[in-house]
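K.L.:
Attaching a single structure in structure tokens format; questions to follow.
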Amino acid sequence: MSRKAPREDPDERDLSVGPAKQWAAGVPAVSHALTMAHEQMGLRRTALTLLKINQKNGFDCPGCAWPEGDHRSRAEFCENGAKAVAEEATLRRVEPEFFARHPVAELSTRSDYWLGQQGRLTHPVFKAAGAEHYTEITWEAAFDLVARRLRELDGPDGAAFYTSGRTSNEAAFAYQLMVRRFGTNNLPDCSNMCHESSGTALTETIGIGKGSVHLEDLHCAELIFVVGQNPGTNHPRMLSALERAKRGGSRIVAVNPLPESGLLAFKNPQNARGLAGPGTSLADRFLRIRLGGDQALFQALSRLVLDAEGAAPGTVLDREFIAAHTHGFDAYASHLHELDWEAVLEATALTYEEIAATARDVLEARSVVVCWAMGLTQHKHSVPTIREVVNFLLLRGDIGRPGAGLCPVRGHSNVQGDRTMGIYEKPAADFLDALGTEFGFDPPRHHGHDAVETIHAMRDGRVRVFFAMGGNFVSAAPDTAATEEALRSCELTVQVSTKLNRSHGVCGREALILPTLGRTERDTAPDGSERFITVEDSMSAVHASRGNLRPASPHLLSEVTIVCRLARALFGSGRDEGSGIPWEDFEADYDALRERIERVIPGFEGFNTRVRRPGGFVLPHGPRDERRFATATGRANFTVNELYAPRVPPGRLLLQTLRSHDQYNTTIYGLDDRYRGVKGGRRVVFVHVGDLADRGFADGDLLDLVSEWHDGTERRAPAFRAVAYDTPRGCCAAYFPETNVLVPLGSVAEGSNTPTSKSIVVRLEPPTAIPRTPSGS
């Protein structure tokens with residue numbers, strides 16, 4: 001059914017490496033996106049989908065959570081967005097016959113690239129205990145099986161319900177409602193493994209776990225920090241916003257261990273300058289920081305701001321804002337006056353002159369935005385690092401005014417919406433009160449398991465049923481061997497998916513794969529009308545999403561329908577026998593579900609009316625809108641954080657995991673990283689040429705990565721190609737999920753329990769094996 005057959009995994013020995021790019025996008029981005037789209041969808045389907053991405057009457061791109069402005073082009077998508085849509089709207093199909101040819105044991109050994117290439121799932125399938133293959137099952141039998149296994153548990157906490165960020169607001173609300181009606185708060189989600197540190201730090205300091213800026217704030221900011229992120233690959237549409245800011249006079253400071261092409265220069269493919277001209281140089285200053293040194297950098301910048309205030313009292317700090325809206329300034333300022341500059345320079349690998357010059361940029365700017373992603377959130381000290389970002393902005397009142405604020409840049413297109421809808425293992429009491437009052441039951445009050453705790457609980461036998469609404473838990477989680485052992489220890493695993501991934505091959509004694517609609521597809525109600533869903537972007541804007549393609553199979557169900565039918569099987573047909581939850585009404589009419597969301601969650605008043613307006617609406621945000629801070633003190637909190645930086649023993653390196661350009665989270669679109677010069681493979685490690693030489697290696701050598709941990713344990717990722725790269729001495733980088741195996745479950749961020757995938761102490765050793773193909777294990 002496809003224009004081109006799925007590709008097999010290549011021989012990693014044929015991998016080649018050339019020079020890294022000094023700019024992003026341009027004609028190659030257009031060409032690569034259209035080539036992949038044509039391979040997967042064909043010409044007509046490509047046109048039908050790409051012209052609907054991120055349009056006000058179209059569907060939200062599943063590729064990232066970057067917001068859209070009021071004025072949109074006809075091609076409101078980026079290269080990786082086109083790849084994401086092509087993967088979902090592909091003409092390739094995985095039908096029951098596929099599973100007859102491929103036993104589960106084989107699927108568990110296949111790479112995520114190979115699995116994703118096979119196409120869309122078309123039928124619900126079941127693997128019985130002891131069986132070697134998945135076989136077709138009816139939806140009714142699948143729901144009855146899940147309900148029966150849940151009821152057989154010793155208690156509700158014997159099940160965990162994972163969620164991916166692609167789930168809609170409606171599906172997420174119904175899902176958490178079903179889970180809490182069942183009696184547990186075991187609602188781990190992908191936020192636990194990425195931006196949990198942001199939410200933890202922001203809730204503590206400003207009273208809400210979300211960023212405080214609109215898209216327009218980036219356009220008019222005088223100074224923008226882009227810290228610990230690579231927008232050229234992970235959020236390419238962000239480059240358009242940075243380009244607009246730069247042309248309006250903004251200065252941009254890039255803070256990252258690796259020079260990222262998208263921050264060096266951007267050739268916008270939507271204008272002539274980008275297609276044929278030199279593009280726009282974005283970063284005015286590039287701080288090549290050592291991994292884990294960001295907390296030290298922001299402490300140093302804040303100290304220099306305080307010094308400038310001391311030299312010219314009343315001219316630098318926003319004293320009125322500090323007095324009226326903050327708490328803890330004196331203790332914070334006193335702490336910074338004791339800053340150890342030698343420790344700062346060691347932690348950052350920057351010179352004092354580089355930091356001082358950046359501080360001058362800050363002092364000259366009347367408004368500052370700090371953007372960040374997982375480069376800040378996946379360290380042991382991530383929460384205090386983000387608290388330092390807040391401290392830095394509070395000094396000059398850069399929260400709650402135009403052109404200034406906090407901008408955590410999230411990945412999944414509705415990961416923020418999922419949390420707003422109640423997908424959280426530690427729900428607030430007022431949310432539970434509102435939920436219980438609205439639906440006539442008493443939700444569980446004890447905290448549930450996050451993602452890392454869920455893995456421990458599955459391995460220990462405390463969680464026996466694992467249900468995943470989207471995502472690829474095996475490849476997203478740390479400590480690959482432990483995660484695989486945990487899932488295989490379950491009595492039942494259930495995966496609601498659009499395509500194959502490694503979590504389907506690494507499963508419980510019984511396993512179900514339930515195929516669901518994608519964002520690109522029409523969602524038809526029982527009465528034949530077409531329905532829409534809603535999503536929330538990184539900047540708290542809620543808008544509608546409407547697919548326009550015929551579903552890949554007549555056997556697909558929407559996520560909302562899957563949740564509601566499972567709930568009916570679990571609690572009784574028609575109305576829930578133990579409460580007033582009208583599951584059948586919710587399945588038939590998403591408006592009925594949105595009416596209940598409106599009554600439970602603040603900010604959604606008039607939900608059905610407002611979301612039907614072009615562009616939707618923006619949720620309220622106290623710090624941004626009113627300089628109102630719902631913290632324990634009632635003010636924005638300055639915090640005192642002891643300076644911390646990772647310590648690396650002699651002869652070792654500090655490794656960070658990252659994405660290839662041909663990748664979205666655990667979805668592998670292809671095996672090239674055009675921006676870093678890698679072609680035909682993924683098992684590469686980027687290391688400073690001096691660090692390679694010191695350890696007896698050279699550019700192009702094969703080597704093993706061995707991680708070392710304080711408890712004496714070691715983990716090995718074999719046969720990586722060394723790539724000499726411009727990174728600080730003592731640091732290196734490699735792609736995930738291939739390197740997830742190196743991160744043990746016990747290595748997590750303090751306060752957020754997020755895996756420390758950006759702080760992995762490794763040594764380099766000669767290779768013990770040479771794999772032919774890439775693998776997630």
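By order in the structure tokens, chains are A, B, ...; within a chain, residues start at 1; ligands start at 1, following the order shown.
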Would you please give, as number ranges by chain, all residues of stretch 410-591 of chain A that DSSP assigns to helix (DSSP H, G or I) based on the backbone?

P.N.:
A: 415-420, 429-439, 451-460, 473-476, 480-488, 502-504, 559-571, 583-588, 590-591

K.L.:
Compile a residue-level contact table for stretch 105-186 of chain A against stretch 465-475 of chain A at a cut-off of 7 Å, reporting for every qualifying residue the shortest atom pair and its distance in Å to one decimal, with only C-alpha atoms counted, rows ordered by chain and ascending number, as JSON lines.

P.N.:
{"residue": "A:Gly158", "atom": "CA", "partner": "A:Val465", "partner_atom": "CA", "distance": 6.6}
{"residue": "A:Ala159", "atom": "CA", "partner": "A:Val465", "partner_atom": "CA", "distance": 4.6}
{"residue": "A:Ala160", "atom": "CA", "partner": "A:Phe466", "partner_atom": "CA", "distance": 5.1}
{"residue": "A:Phe161", "atom": "CA", "partner": "A:Phe467", "partner_atom": "CA", "distance": 4.8}
{"residue": "A:Tyr162", "atom": "CA", "partner": "A:Ala468", "partner_atom": "CA", "distance": 4.5}
{"residue": "A:Thr163", "atom": "CA", "partner": "A:Met469", "partner_atom": "CA", "distance": 4.8}
{"residue": "A:Ser164", "atom": "CA", "partner": "A:Gly471", "partner_atom": "CA", "distance": 4.8}

K.L.:
Give the answer as one residue: which of A:Phe392, A:Tyr134, A:Phe59, A:Tyr725 has the shortest atom-to-atom distance to A:Pro96, using only C-alpha atoms?

P.N.:
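Once distances to A:Pro96 are computed over only C-alpha atoms, the minimum belongs to A:Tyr134.
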
K.L.:
If you count only C-alpha atoms, which residues fall within 6 Å of A:Ala265, apart from same-chain ones fewer than 3 positions away, as a list in words?

P.N.:
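Near A:Ala265, the qualifying residues are Trp23, Gly262, Thr280, Ser281 and Leu282 of chain A.
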
K.L.:
Convert the current residue selection to file output with N, CA, C and O atoms, as a short mmCIF file (atom, residue, chain, number, x, y, z; two decimals), in the first residue's frame.

P.N.:
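Done, and the output landed in part32.cif:
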data_model
loop_
_atom_site.label_atom_id
_atom_site.label_comp_id
_atom_site.auth_asym_id
_atom_site.auth_seq_id
_atom_site.Cartn_x
_atom_site.Cartn_y
_atom_site.Cartn_z
N TRP A 23 24.52 25.98 9.86
CA TRP A 23 23.21 26.62 9.76
C TRP A 23 22.15 25.53 9.69
O TRP A 23 22.44 24.37 9.41
N GLY A 262 21.20 25.23 14.52
CA GLY A 262 20.03 26.09 14.48
C GLY A 262 20.22 27.39 15.22
O GLY A 262 19.53 28.37 14.94
N THR A 280 19.67 34.03 8.64
CA THR A 280 19.80 34.96 9.76
C THR A 280 20.71 34.37 10.81
O THR A 280 20.49 33.25 11.29
N SER A 281 21.75 35.10 11.17
CA SER A 281 22.61 34.68 12.27
C SER A 281 21.86 34.92 13.57
O SER A 281 21.38 36.03 13.82
N LEU A 282 21.72 33.91 14.40
CA LEU A 282 20.87 34.03 15.58
C LEU A 282 21.64 34.34 16.85
O LEU A 282 21.39 35.34 17.51
#

K.L.:
Between A:Leu549, A:Ile322, A:Cys732, A:Ala24, which one has atoms that come closest to A:Leu50, using only C-alpha atoms?

P.N.:
A:Leu549

K.L.:
One decimal, in Å: what's the spacing between atom CA of A:Gln229 and atom CA of A:Val648?

P.N.:
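A separation of 22.7 Å between them.
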